[in-house]
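S.K.: run28.cif is reproduced in full below (mmCIF, C-alpha atoms and all ligand atoms).
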```cif
data_target
loop_
_atom_site.label_atom_id
_atom_site.label_comp_id
_atom_site.auth_asym_id
_atom_site.auth_seq_id
_atom_site.Cartn_x
_atom_site.Cartn_y
_atom_site.Cartn_z
CA MET F 1 1.55 29.00 -5.80
CA THR F 2 3.31 25.79 -6.76
CA ALA F 3 3.49 23.71 -9.90
CA ARG F 4 1.98 20.82 -8.02
CA ALA F 5 -1.48 19.52 -8.88
CA LYS F 6 -4.30 21.04 -6.87
CA ILE F 7 -6.76 18.69 -5.21
CA THR F 8 -9.82 20.07 -3.47
CA VAL F 9 -11.65 17.86 -1.00
CA VAL F 10 -15.10 19.09 -0.04
CA GLY F 11 -16.32 17.70 3.26
CA ALA F 12 -13.63 17.47 5.93
CA GLY F 13 -15.35 14.65 7.78
CA ASN F 14 -14.21 11.06 8.09
CA VAL F 15 -13.81 10.28 4.40
CA GLY F 16 -12.66 13.75 3.35
CA ALA F 17 -9.92 14.03 5.97
CA SER F 18 -8.62 10.56 5.10
CA VAL F 19 -8.64 11.43 1.38
CA ALA F 20 -6.52 14.48 2.22
CA GLN F 21 -4.19 12.35 4.33
CA TYR F 22 -3.64 9.60 1.76
CA ALA F 23 -3.29 12.12 -1.07
CA VAL F 24 -0.48 14.05 0.63
CA GLU F 25 1.20 10.87 1.87
CA LYS F 26 1.49 9.94 -1.82
CA GLU F 27 2.47 13.54 -2.65
CA LEU F 28 -0.17 13.69 -5.36
CA GLY F 29 -0.52 17.45 -5.02
CA ASP F 30 -1.51 20.31 -2.73
CA VAL F 31 -4.82 19.88 -0.96
CA VAL F 32 -7.57 22.35 -0.11
CA LEU F 33 -10.06 21.03 2.44
CA VAL F 34 -13.48 22.70 2.54
CA ASP F 35 -16.27 22.18 5.06
CA VAL F 36 -19.21 24.18 6.41
CA VAL F 37 -18.16 23.60 10.01
CA GLU F 38 -16.00 26.46 11.18
CA GLY F 39 -12.47 25.49 12.16
CA ILE F 40 -12.63 21.81 11.20
CA PRO F 41 -11.07 22.04 7.72
CA GLN F 42 -8.51 24.59 8.96
CA GLY F 43 -7.57 22.45 11.96
CA LYS F 44 -7.33 19.17 10.05
CA ALA F 45 -5.36 20.78 7.21
CA LEU F 46 -2.85 22.30 9.62
CA ASP F 47 -2.53 19.06 11.57
CA LEU F 48 -1.82 17.14 8.34
CA LEU F 49 0.63 19.84 7.19
CA GLU F 50 2.52 19.31 10.44
CA ALA F 51 2.74 15.57 9.72
CA GLY F 52 4.67 16.44 6.56
CA PRO F 53 8.13 16.59 8.13
CA VAL F 54 7.63 13.19 9.73
CA HIS F 55 6.24 11.52 6.63
CA GLY F 56 8.49 13.45 4.29
CA TYR F 57 5.94 15.15 2.08
CA ASP F 58 6.06 18.74 0.88
CA SER F 59 2.43 18.92 -0.22
CA LEU F 60 0.69 21.98 1.15
CA LEU F 61 -2.67 21.79 2.88
CA THR F 62 -5.16 24.59 3.40
CA GLY F 63 -8.52 24.52 5.15
CA SER F 64 -11.42 26.81 4.38
CA ASN F 65 -15.13 27.40 4.89
CA THR F 66 -15.42 29.13 1.52
CA TYR F 67 -14.44 28.29 -2.03
CA ASP F 68 -12.03 30.96 -3.22
CA GLU F 69 -9.03 28.85 -2.17
CA THR F 70 -10.27 26.06 -4.46
CA ALA F 71 -9.90 28.09 -7.69
CA ASN F 72 -8.29 26.21 -10.59
CA SER F 73 -8.34 22.81 -8.95
CA ASP F 74 -7.31 19.85 -11.09
CA ILE F 75 -9.50 17.44 -9.16
CA VAL F 76 -12.32 17.97 -6.71
CA VAL F 77 -13.36 15.08 -4.47
CA ILE F 78 -16.83 15.66 -3.05
CA THR F 79 -17.55 13.89 0.25
CA ALA F 80 -19.86 16.55 1.73
CA GLY F 81 -23.10 15.25 3.13
CA LEU F 82 -24.60 13.06 5.76
CA ALA F 83 -23.37 9.51 6.37
CA ARG F 84 -25.54 6.53 7.16
CA LYS F 85 -26.56 5.71 10.72
CA PRO F 86 -27.57 2.15 11.72
CA GLY F 87 -30.89 1.18 10.13
CA MET F 88 -30.64 3.91 7.49
CA THR F 89 -30.37 2.95 3.84
CA ARG F 90 -28.25 4.91 1.41
CA ASP F 91 -31.49 6.04 -0.21
CA ASP F 92 -32.71 7.72 2.98
CA LEU F 93 -29.91 10.15 2.39
CA LEU F 94 -31.12 11.05 -1.10
CA PHE F 95 -32.87 14.37 -0.73
CA LYS F 96 -30.71 15.85 2.02
CA ASN F 97 -27.50 15.02 0.23
CA ALA F 98 -28.87 16.16 -3.15
CA GLU F 99 -29.30 19.62 -1.67
CA ILE F 100 -25.78 19.63 -0.25
CA VAL F 101 -24.06 18.20 -3.34
CA GLY F 102 -25.99 20.56 -5.63
CA SER F 103 -24.77 23.63 -3.78
CA VAL F 104 -21.21 22.30 -3.52
CA VAL F 105 -21.05 21.62 -7.27
CA ASP F 106 -22.30 25.13 -8.09
CA GLN F 107 -19.56 26.71 -5.99
CA VAL F 108 -16.83 24.41 -7.20
CA VAL F 109 -17.47 24.64 -10.94
CA ALA F 110 -17.73 28.44 -10.81
CA ARG F 111 -14.04 28.49 -9.84
CA SER F 112 -12.58 25.39 -11.52
CA ARG F 113 -14.00 25.07 -15.03
CA ASN F 114 -11.52 22.39 -16.07
CA ALA F 115 -11.56 20.21 -12.98
CA ILE F 116 -12.41 16.55 -12.80
CA LEU F 117 -15.08 15.84 -10.18
CA ILE F 118 -15.01 12.64 -8.14
CA LEU F 119 -18.20 12.07 -6.19
CA VAL F 120 -18.20 10.04 -2.99
CA THR F 121 -21.38 11.20 -1.23
CA ASN F 122 -24.22 8.67 -1.04
CA PRO F 123 -26.46 7.58 -2.60
CA LEU F 124 -23.52 7.52 -4.93
CA ASP F 125 -25.01 6.78 -8.33
CA ALA F 126 -27.72 9.43 -7.94
CA MET F 127 -25.27 12.03 -6.58
CA VAL F 128 -22.90 11.63 -9.51
CA GLN F 129 -25.77 11.97 -11.99
CA LEU F 130 -26.86 15.13 -10.17
CA ALA F 131 -23.33 16.55 -10.13
CA TRP F 132 -22.93 15.90 -13.86
CA LYS F 133 -26.23 17.66 -14.61
CA LYS F 134 -25.50 20.61 -12.33
CA SER F 135 -21.92 21.09 -13.47
CA GLY F 136 -22.59 21.17 -17.18
CA PHE F 137 -19.24 19.34 -17.49
CA PRO F 138 -18.65 16.66 -20.12
CA ALA F 139 -19.50 13.28 -18.64
CA GLU F 140 -15.89 12.05 -18.76
CA ARG F 141 -14.98 14.66 -16.13
CA VAL F 142 -17.61 13.64 -13.58
CA ILE F 143 -17.01 10.23 -12.00
CA GLY F 144 -18.34 8.34 -8.99
CA MET F 145 -16.35 6.29 -6.49
CA ALA F 146 -17.93 3.03 -5.41
CA GLY F 147 -16.64 0.11 -7.46
CA VAL F 148 -13.05 0.47 -6.28
CA LEU F 149 -14.28 0.19 -2.70
CA ASP F 150 -16.69 -2.66 -3.40
CA SER F 151 -14.00 -4.60 -5.23
CA ALA F 152 -11.43 -3.84 -2.50
CA ARG F 153 -13.82 -5.43 -0.01
CA PHE F 154 -14.33 -8.45 -2.27
CA ARG F 155 -10.53 -8.72 -2.74
CA THR F 156 -10.01 -8.59 1.01
CA PHE F 157 -12.46 -11.42 1.65
CA ILE F 158 -11.04 -13.57 -1.18
CA ALA F 159 -7.47 -13.06 0.10
CA ARG F 160 -8.49 -13.97 3.66
CA GLU F 161 -10.45 -17.03 2.48
CA LEU F 162 -7.50 -18.40 0.48
CA ASP F 163 -4.75 -17.03 2.73
CA VAL F 164 -2.95 -15.29 -0.14
CA SER F 165 -1.63 -11.78 -0.64
CA VAL F 166 -4.22 -9.15 -1.49
CA GLU F 167 -1.80 -8.12 -4.23
CA ASN F 168 -2.53 -11.38 -6.03
CA VAL F 169 -6.26 -10.82 -5.97
CA ASN F 170 -8.25 -8.93 -8.58
CA ALA F 171 -11.99 -8.59 -8.32
CA PHE F 172 -14.67 -7.40 -10.61
CA VAL F 173 -17.82 -5.61 -9.49
CA LEU F 174 -20.48 -4.05 -11.70
CA GLY F 175 -23.67 -2.07 -11.19
CA GLY F 176 -24.89 0.44 -8.67
CA HIS F 177 -23.38 1.00 -5.23
CA GLY F 178 -25.94 -0.64 -3.05
CA ASP F 179 -27.41 -3.93 -2.19
CA SER F 180 -27.94 -4.61 -5.90
CA MET F 181 -24.24 -4.45 -6.80
CA VAL F 182 -23.08 -7.29 -9.06
CA PRO F 183 -19.78 -8.99 -8.15
CA LEU F 184 -18.52 -11.14 -11.06
CA PRO F 185 -16.72 -14.21 -9.66
CA ARG F 186 -15.61 -15.59 -13.04
CA TYR F 187 -13.64 -12.36 -13.65
CA SER F 188 -12.31 -12.29 -10.09
CA THR F 189 -8.91 -13.89 -9.97
CA VAL F 190 -6.01 -14.97 -7.78
CA ALA F 191 -2.73 -14.66 -9.71
CA GLY F 192 -4.81 -14.86 -12.88
CA ILE F 193 -6.82 -17.94 -11.83
CA PRO F 194 -10.60 -17.36 -11.65
CA ILE F 195 -11.89 -17.91 -8.12
CA THR F 196 -14.53 -20.19 -9.64
CA ASP F 197 -11.63 -22.69 -10.10
CA LEU F 198 -10.42 -22.24 -6.51
CA LEU F 199 -13.51 -22.11 -4.32
CA PRO F 200 -16.82 -24.00 -4.18
CA PRO F 201 -19.94 -22.04 -5.24
CA ASP F 202 -21.32 -21.75 -1.70
CA ARG F 203 -18.10 -20.16 -0.38
CA ILE F 204 -18.03 -17.72 -3.30
CA GLN F 205 -21.66 -16.86 -2.63
CA ALA F 206 -20.84 -16.16 1.02
CA LEU F 207 -18.03 -13.78 0.01
CA VAL F 208 -20.28 -12.09 -2.55
CA THR F 209 -23.00 -11.56 0.07
CA ARG F 210 -20.50 -10.18 2.55
CA THR F 211 -19.22 -7.78 -0.13
CA ALA F 212 -22.70 -6.54 -0.99
CA ASN F 213 -23.33 -5.91 2.72
CA GLY F 214 -19.81 -4.59 3.33
CA GLY F 215 -20.94 -1.04 4.07
CA ALA F 216 -23.59 -2.12 6.57
CA GLU F 217 -21.11 -4.44 8.33
CA ILE F 218 -18.93 -1.43 9.20
CA VAL F 219 -21.89 0.82 10.07
CA ASN F 220 -23.08 -1.81 12.54
CA TYR F 221 -19.72 -1.74 14.30
CA LEU F 222 -19.16 2.00 14.27
CA LYS F 223 -22.77 2.95 15.04
CA THR F 224 -22.09 6.68 14.76
CA GLY F 225 -20.95 6.70 11.14
CA SER F 226 -19.89 4.65 8.14
CA ALA F 227 -16.64 3.32 6.70
CA TYR F 228 -13.96 5.79 5.76
CA TYR F 229 -10.44 4.36 5.52
CA ALA F 230 -11.13 2.01 2.61
CA PRO F 231 -13.48 4.52 0.91
CA ALA F 232 -10.82 7.24 1.13
CA ALA F 233 -8.07 4.92 -0.12
CA SER F 234 -10.32 4.02 -3.05
CA ALA F 235 -11.00 7.65 -3.99
CA VAL F 236 -7.27 8.38 -3.81
CA GLU F 237 -6.51 5.47 -6.15
CA MET F 238 -8.76 7.22 -8.68
CA VAL F 239 -7.09 10.60 -8.05
CA GLU F 240 -3.67 9.03 -8.58
CA ALA F 241 -4.73 7.23 -11.79
CA ILE F 242 -6.00 10.54 -13.19
CA LEU F 243 -3.18 12.86 -12.12
CA LYS F 244 -0.48 10.42 -13.24
CA ASP F 245 -2.40 9.66 -16.46
CA LYS F 246 -2.02 5.98 -15.70
CA LYS F 247 -4.80 4.73 -18.00
CA LYS F 248 -5.71 2.45 -15.12
CA ILE F 249 -8.77 0.28 -15.46
CA LEU F 250 -10.92 0.64 -12.36
CA PRO F 251 -14.60 0.09 -11.66
CA CYS F 252 -16.23 3.53 -11.34
CA ALA F 253 -19.66 5.07 -11.70
CA ALA F 254 -19.50 6.38 -15.27
CA TYR F 255 -22.02 7.83 -17.68
CA LEU F 256 -23.36 5.21 -20.06
CA ASN F 257 -24.63 6.27 -23.43
CA GLY F 258 -25.48 2.97 -25.03
CA GLN F 259 -22.75 0.83 -23.47
CA TYR F 260 -24.15 -2.27 -21.76
CA GLY F 261 -27.47 -1.29 -23.36
CA VAL F 262 -27.89 1.57 -20.86
CA HIS F 263 -28.71 5.09 -22.03
CA GLY F 264 -28.19 8.35 -20.16
CA LEU F 265 -27.37 6.93 -16.74
CA TYR F 266 -24.39 6.71 -14.37
CA VAL F 267 -23.72 3.12 -13.31
CA GLY F 268 -20.67 1.21 -12.07
CA VAL F 269 -18.62 -0.28 -14.91
CA PRO F 270 -14.91 -0.79 -15.60
CA VAL F 271 -13.39 2.36 -17.09
CA LYS F 272 -9.97 3.55 -18.14
CA LEU F 273 -8.91 6.50 -15.95
CA GLY F 274 -6.37 8.98 -17.23
CA ARG F 275 -5.69 12.71 -17.28
CA ARG F 276 -8.88 13.36 -19.26
CA GLY F 277 -10.99 11.46 -16.71
CA VAL F 278 -12.98 8.50 -18.04
CA GLU F 279 -11.10 7.83 -21.26
CA GLN F 280 -12.97 4.64 -22.14
CA VAL F 281 -15.79 2.49 -20.83
CA ILE F 282 -14.69 -1.12 -20.99
CA GLU F 283 -17.46 -3.39 -22.19
CA ILE F 284 -17.45 -7.10 -21.43
CA LYS F 285 -19.82 -9.86 -22.40
CA LEU F 286 -22.15 -10.87 -19.60
CA THR F 287 -23.83 -14.24 -19.13
CA ALA F 288 -27.62 -14.26 -19.03
CA ASP F 289 -27.61 -14.39 -15.21
CA GLU F 290 -25.08 -11.56 -14.91
CA GLN F 291 -27.01 -9.48 -17.44
CA ALA F 292 -30.21 -9.99 -15.41
CA ALA F 293 -28.49 -8.97 -12.17
CA PHE F 294 -26.95 -5.94 -13.89
CA GLN F 295 -30.35 -4.91 -15.25
CA ARG F 296 -31.85 -5.16 -11.76
CA SER F 297 -29.08 -2.94 -10.42
CA VAL F 298 -29.54 -0.42 -13.26
CA GLY F 299 -33.27 -0.40 -12.51
CA ALA F 300 -32.62 0.42 -8.85
CA VAL F 301 -30.28 3.27 -9.82
CA ARG F 302 -32.72 4.64 -12.39
CA GLU F 303 -35.58 4.58 -9.88
CA LEU F 304 -33.55 6.64 -7.44
CA VAL F 305 -32.35 9.12 -10.04
CA GLU F 306 -35.94 9.63 -11.22
CA LYS F 307 -36.91 10.71 -7.70
CA LEU F 308 -34.52 13.64 -8.10
CA LYS F 309 -36.40 14.90 -11.18
CA LEU F 310 -33.21 16.26 -12.73
O1 LIG S 401 -18.56 4.18 -1.57
C1 LIG S 401 -18.90 5.30 -1.34
N1 LIG S 401 -19.19 6.12 -2.34
C2 LIG S 401 -18.99 5.80 0.04
C3 LIG S 401 -19.87 6.90 0.32
C4 LIG S 401 -18.19 5.24 1.05
C5 LIG S 401 -18.16 5.84 2.29
C6 LIG S 401 -18.92 7.02 2.64
N2 LIG S 401 -19.87 7.37 1.64
C7 LIG S 401 -20.63 8.63 1.80
O2 LIG S 401 -19.72 9.73 1.84
C8 LIG S 401 -21.39 8.76 3.08
O3 LIG S 401 -22.60 8.05 3.04
C9 LIG S 401 -21.60 10.26 3.13
O4 LIG S 401 -22.66 10.63 2.28
C10 LIG S 401 -20.28 10.82 2.57
C11 LIG S 401 -19.31 11.32 3.63
O5 LIG S 401 -19.08 10.34 4.60
P1 LIG S 401 -18.24 10.67 5.92
O6 LIG S 401 -18.12 9.41 6.67
O7 LIG S 401 -17.04 11.44 5.57
O8 LIG S 401 -19.27 11.63 6.67
P2 LIG S 401 -18.92 12.76 7.76
O9 LIG S 401 -17.77 12.35 8.60
O10 LIG S 401 -20.21 13.10 8.41
O11 LIG S 401 -18.42 14.00 6.88
C12 LIG S 401 -19.26 14.72 6.06
C13 LIG S 401 -18.79 16.15 6.11
C14 LIG S 401 -19.00 16.80 7.50
O12 LIG S 401 -17.76 17.28 7.97
C15 LIG S 401 -19.98 17.92 7.21
O13 LIG S 401 -19.77 19.07 8.02
C16 LIG S 401 -19.68 18.21 5.75
O14 LIG S 401 -19.53 16.94 5.17
N3 LIG S 401 -20.72 18.97 5.08
C17 LIG S 401 -20.44 19.92 4.16
N4 LIG S 401 -19.27 20.36 3.67
C18 LIG S 401 -19.32 21.35 2.75
N5 LIG S 401 -20.47 21.89 2.31
C19 LIG S 401 -21.66 21.46 2.77
N6 LIG S 401 -22.79 21.99 2.30
C20 LIG S 401 -21.67 20.44 3.74
N7 LIG S 401 -22.67 19.80 4.42
C21 LIG S 401 -22.07 18.92 5.23
#
```
As structure tokens, please, write out the structure in this file.
Ligand code: TXD
M.R.:
Amino acid sequence: MTARAKITVVGAGNVGASVAQYAVEKELGDVVLVDVVEGIPQGKALDLLEAGPVHGYDSLLTGSNTYDETANSDIVVITAGLARKPGMTRDDLLFKNAEIVGSVVDQVVARSRNAILILVTNPLDAMVQLAWKKSGFPAERVIGMAGVLDSARFRTFIARELDVSVENVNAFVLGGHGDSMVPLPRYSTVAGIPITDLLPPDRIQALVTRTANGGAEIVNYLKTGSAYYAPAASAVEMVEAILKDKKKILPCAAYLNGQYGVHGLYVGVPVKLGRRGVEQVIEIKLTADEQAAFQRSVGAVRELVEKLKL
């Protein structure tokens, strides 16, 4: 028992193991890794524990195939499920992953009533809605990771295009995690300057398209799985914002109850993340074109969620 925060990561696959790694490298807390495959969470947890002396972290790591070790977690990152293979859409994963995420949430919430859940499993927007429903938790404690990753990809491409530091680049992405995501160039900036002042429309459009297809681009290279370093780094940015109560504004899948004209649905929007989870949904004015694209994205998310018959 330590006074450190307790972070459970369910799914010790590519994303989950990298979440554990980045979280202990930042010493955000102790980590419990859970997976159904015997030996994998135990082996990866021990391996990462043994990297501690080299990296200089004292975070403890434990691996398990059951949930008792997860009791009283502060944060639970759920990555359990199947990943996309080439030619598969995120939606193909819907029913299989709904079954997995549903059972994971039941086991987690029975032991950690006050935890904040961060969902990573795809199709993201539907899985976070399902997790919220199943958990019975207030919506501010159930959050989906997608926008941080999508905007990290957009930031990468903008920085490469203009040959500037990624630290100077902010990007803004709204909507569902999928081909209908809505990058907002006029709110995407380099040292405060909108990229619409720095790049011609056709170059911006090319970067936007590459961002929307960013997941598929990696799947096509890897063939046997999907992206995991940037997704894990993105989930850990959310964990850090919450545990350190940073009040950091990040794009996340959050429950909308009237904001942006959307009722009763999880969709990607900018939110303020702090120790209570989603402490505020940040609303911005959209142009008619942006509003139309956002509505299309919301429609795609709603269609998927309806298939789950929650
Ligand atoms: O932006 C985003 N939200 C995403 C989402 C970015 C990247 C990956 N995204 C999705 O996360 C992806 O489409 C998958 O649905 C999940 C996990 O991706 P990952 O690449 O980590 O998949 P792996 O390597 O196959 O790992 C999944 C692990 C694997 O070890 C399984 O044994 C385990 O999940 N698994 C389970 N663990 C616990 N409990 C149950 N029931 C279970 N079923 C499978």
S.K.: Between F:Thr8, F:Thr189, F:Asn257, F:Thr66, which is the closest to F:Ile118 once you count all atoms listed in the file?
M.R.: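 The closest residue to F:Ile118 is F:Thr8.
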S.K.: Grab me every residue within 7 Å of ligand LIG 401 (chain S), counting all atoms listed in the file, and send it over as a PyMOL selection string.
M.R.: chain F and resi 10-16+34-37+79-84+90+97+100-101+103-104+120-124+145-146+149+177+225-228+231
S.K.: Would you kindly identify which residues have an atom no farther than 12 Å from (-19.6, -9.6, 1.6), using only C-alpha atoms and the file's own coordinates, and write them out as a ChimeraX atom specification?
M.R.: /F:149-158,161,173,178-179,181-183,203-218
S.K.: If you measure from atom CA of F:Gly63 to atom CA of F:Val32, what distance in Å do you get, rounded to one decimal?
M.R.: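 Pair atom CA of F:Gly63 / atom CA of F:Val32 returns 5.8 Å.
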S.K.: Do you have the atom CA of F:Pro251-atom CA of F:Leu174 distance handy?
M.R.: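 Between atom CA of F:Pro251 and atom CA of F:Leu174 the gap works out to 7.2 Å.
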S.K.: Between F:Ala159, F:Leu273, F:Leu243, F:Leu308, which is the closest to F:Asp125 once you count all atoms listed in the file?
M.R.: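 When distances to F:Asp125 are compared using all atoms listed in the file, the smallest one comes from F:Leu308.
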S.K.: Using atom CA of F:Ala45 and atom CA of F:Phe137 as the two end points, give the distance in Å to one decimal.
M.R.: 28.4 Å
S.K.: Just the residues within 10 Å of F:Leu256, please, counting all atoms listed in the file, with nothing from its chain fewer than 4 positions along; format it as a PyMOL selection string.
M.R.: chain F and resi 139+260-269+281
S.K.: Save out the residues we just selected, C-alpha atoms, as a PDB file, in the coordinates of the input.
M.R.:
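File out23.pdb, as written:
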```
ATOM      1  CA  ALA F 139     -19.500  13.280 -18.640  1.00  0.00           C
ATOM      2  CA  TYR F 260     -24.150  -2.270 -21.760  1.00  0.00           C
ATOM      3  CA  GLY F 261     -27.470  -1.290 -23.360  1.00  0.00           C
ATOM      4  CA  VAL F 262     -27.890   1.570 -20.860  1.00  0.00           C
ATOM      5  CA  HIS F 263     -28.710   5.090 -22.030  1.00  0.00           C
ATOM      6  CA  GLY F 264     -28.190   8.350 -20.160  1.00  0.00           C
ATOM      7  CA  LEU F 265     -27.370   6.930 -16.740  1.00  0.00           C
ATOM      8  CA  TYR F 266     -24.390   6.710 -14.370  1.00  0.00           C
ATOM      9  CA  VAL F 267     -23.720   3.120 -13.310  1.00  0.00           C
ATOM     10  CA  GLY F 268     -20.670   1.210 -12.070  1.00  0.00           C
ATOM     11  CA  VAL F 269     -18.620  -0.280 -14.910  1.00  0.00           C
ATOM     12  CA  VAL F 281     -15.790   2.490 -20.830  1.00  0.00           C
TER      13      VAL F 281
END
```
S.K.: Once 6 Å is added on each side, what are the centre and the three edge lengths, in Å to one decimal, of the axis-aligned box enclosing the listed atoms of stretch 252-270 of chain F? Present them as JSON.
M.R.:
```
{"center_x": -21.8, "center_y": 3.0, "center_z": -18.2, "size_x": 25.8, "size_y": 22.6, "size_z": 25.7}
```
S.K.: Which of these residues is nearest to F:Thr2, using all atoms listed in the file: F:Gly43, F:Ala23, F:Asp58, F:Thr70?
M.R.: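 Distance minimum relative to F:Thr2 lands on F:Asp58.
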S.K.: For F:Ala71, which residue out of F:Val301, F:Ala51, F:Val109, F:Ala292 is the nearest one, using all atoms listed in the file?
M.R.: F:Val109
S.K.: From the set F:Glu167, F:Ser234, F:Thr62, F:Gly87, which residue has the shortest atom-to-atom contact distance to F:Ile40, counting only C-alpha atoms?
M.R.: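 With only C-alpha atoms as the atom set, the closest residue is F:Thr62.
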S.K.: What would stretch 200-215 of chain F look like with N, CA and C atoms restored, written as a PDB file, in the frame of the given file?
M.R.:
```pdb
ATOM      1  N   PRO F 200     -15.501 -23.451  -3.836  1.00  0.00           N
ATOM      2  CA  PRO F 200     -16.820 -24.000  -4.180  1.00  0.00           C
ATOM      3  C   PRO F 200     -17.859 -22.872  -4.248  1.00  0.00           C
ATOM      4  N   PRO F 201     -18.933 -23.098  -5.033  1.00  0.00           N
ATOM      5  CA  PRO F 201     -19.940 -22.040  -5.240  1.00  0.00           C
ATOM      6  C   PRO F 201     -20.498 -21.471  -3.940  1.00  0.00           C
ATOM      7  N   ASP F 202     -20.703 -22.297  -2.918  1.00  0.00           N
ATOM      8  CA  ASP F 202     -21.320 -21.750  -1.700  1.00  0.00           C
ATOM      9  C   ASP F 202     -20.359 -20.810  -0.958  1.00  0.00           C
ATOM     10  N   ARG F 203     -19.059 -21.075  -1.021  1.00  0.00           N
ATOM     11  CA  ARG F 203     -18.100 -20.160  -0.380  1.00  0.00           C
ATOM     12  C   ARG F 203     -18.042 -18.839  -1.158  1.00  0.00           C
ATOM     13  N   ILE F 204     -18.043 -18.946  -2.489  1.00  0.00           N
ATOM     14  CA  ILE F 204     -18.030 -17.720  -3.300  1.00  0.00           C
ATOM     15  C   ILE F 204     -19.275 -16.901  -2.991  1.00  0.00           C
ATOM     16  N   GLN F 205     -20.414 -17.591  -2.905  1.00  0.00           N
ATOM     17  CA  GLN F 205     -21.660 -16.860  -2.630  1.00  0.00           C
ATOM     18  C   GLN F 205     -21.573 -16.147  -1.275  1.00  0.00           C
ATOM     19  N   ALA F 206     -20.959 -16.792  -0.307  1.00  0.00           N
ATOM     20  CA  ALA F 206     -20.840 -16.160   1.020  1.00  0.00           C
ATOM     21  C   ALA F 206     -19.976 -14.896   0.933  1.00  0.00           C
ATOM     22  N   LEU F 207     -18.901 -14.955   0.149  1.00  0.00           N
ATOM     23  CA  LEU F 207     -18.030 -13.780   0.010  1.00  0.00           C
ATOM     24  C   LEU F 207     -18.745 -12.663  -0.747  1.00  0.00           C
ATOM     25  N   VAL F 208     -19.517 -13.066  -1.764  1.00  0.00           N
ATOM     26  CA  VAL F 208     -20.280 -12.090  -2.550  1.00  0.00           C
ATOM     27  C   VAL F 208     -21.293 -11.373  -1.655  1.00  0.00           C
ATOM     28  N   THR F 209     -21.995 -12.152  -0.831  1.00  0.00           N
ATOM     29  CA  THR F 209     -23.000 -11.560   0.070  1.00  0.00           C
ATOM     30  C   THR F 209     -22.332 -10.624   1.060  1.00  0.00           C
ATOM     31  N   ARG F 210     -21.200 -11.044   1.588  1.00  0.00           N
ATOM     32  CA  ARG F 210     -20.500 -10.180   2.550  1.00  0.00           C
ATOM     33  C   ARG F 210     -20.050  -8.878   1.881  1.00  0.00           C
ATOM     34  N   THR F 211     -19.629  -8.980   0.613  1.00  0.00           N
ATOM     35  CA  THR F 211     -19.220  -7.780  -0.130  1.00  0.00           C
ATOM     36  C   THR F 211     -20.393  -6.825  -0.318  1.00  0.00           C
ATOM     37  N   ALA F 212     -21.525  -7.382  -0.752  1.00  0.00           N
ATOM     38  CA  ALA F 212     -22.700  -6.540  -0.990  1.00  0.00           C
ATOM     39  C   ALA F 212     -23.151  -5.842   0.295  1.00  0.00           C
ATOM     40  N   ASN F 213     -22.935  -6.500   1.433  1.00  0.00           N
ATOM     41  CA  ASN F 213     -23.330  -5.910   2.720  1.00  0.00           C
ATOM     42  C   ASN F 213     -22.146  -5.265   3.446  1.00  0.00           C
ATOM     43  N   GLY F 214     -21.053  -5.059   2.712  1.00  0.00           N
ATOM     44  CA  GLY F 214     -19.810  -4.590   3.330  1.00  0.00           C
ATOM     45  C   GLY F 214     -19.948  -3.248   4.039  1.00  0.00           C
ATOM     46  N   GLY F 215     -20.740  -2.351   3.458  1.00  0.00           N
ATOM     47  CA  GLY F 215     -20.940  -1.040   4.070  1.00  0.00           C
ATOM     48  C   GLY F 215     -21.691  -1.164   5.389  1.00  0.00           C
TER      49      GLY F 215
END
```
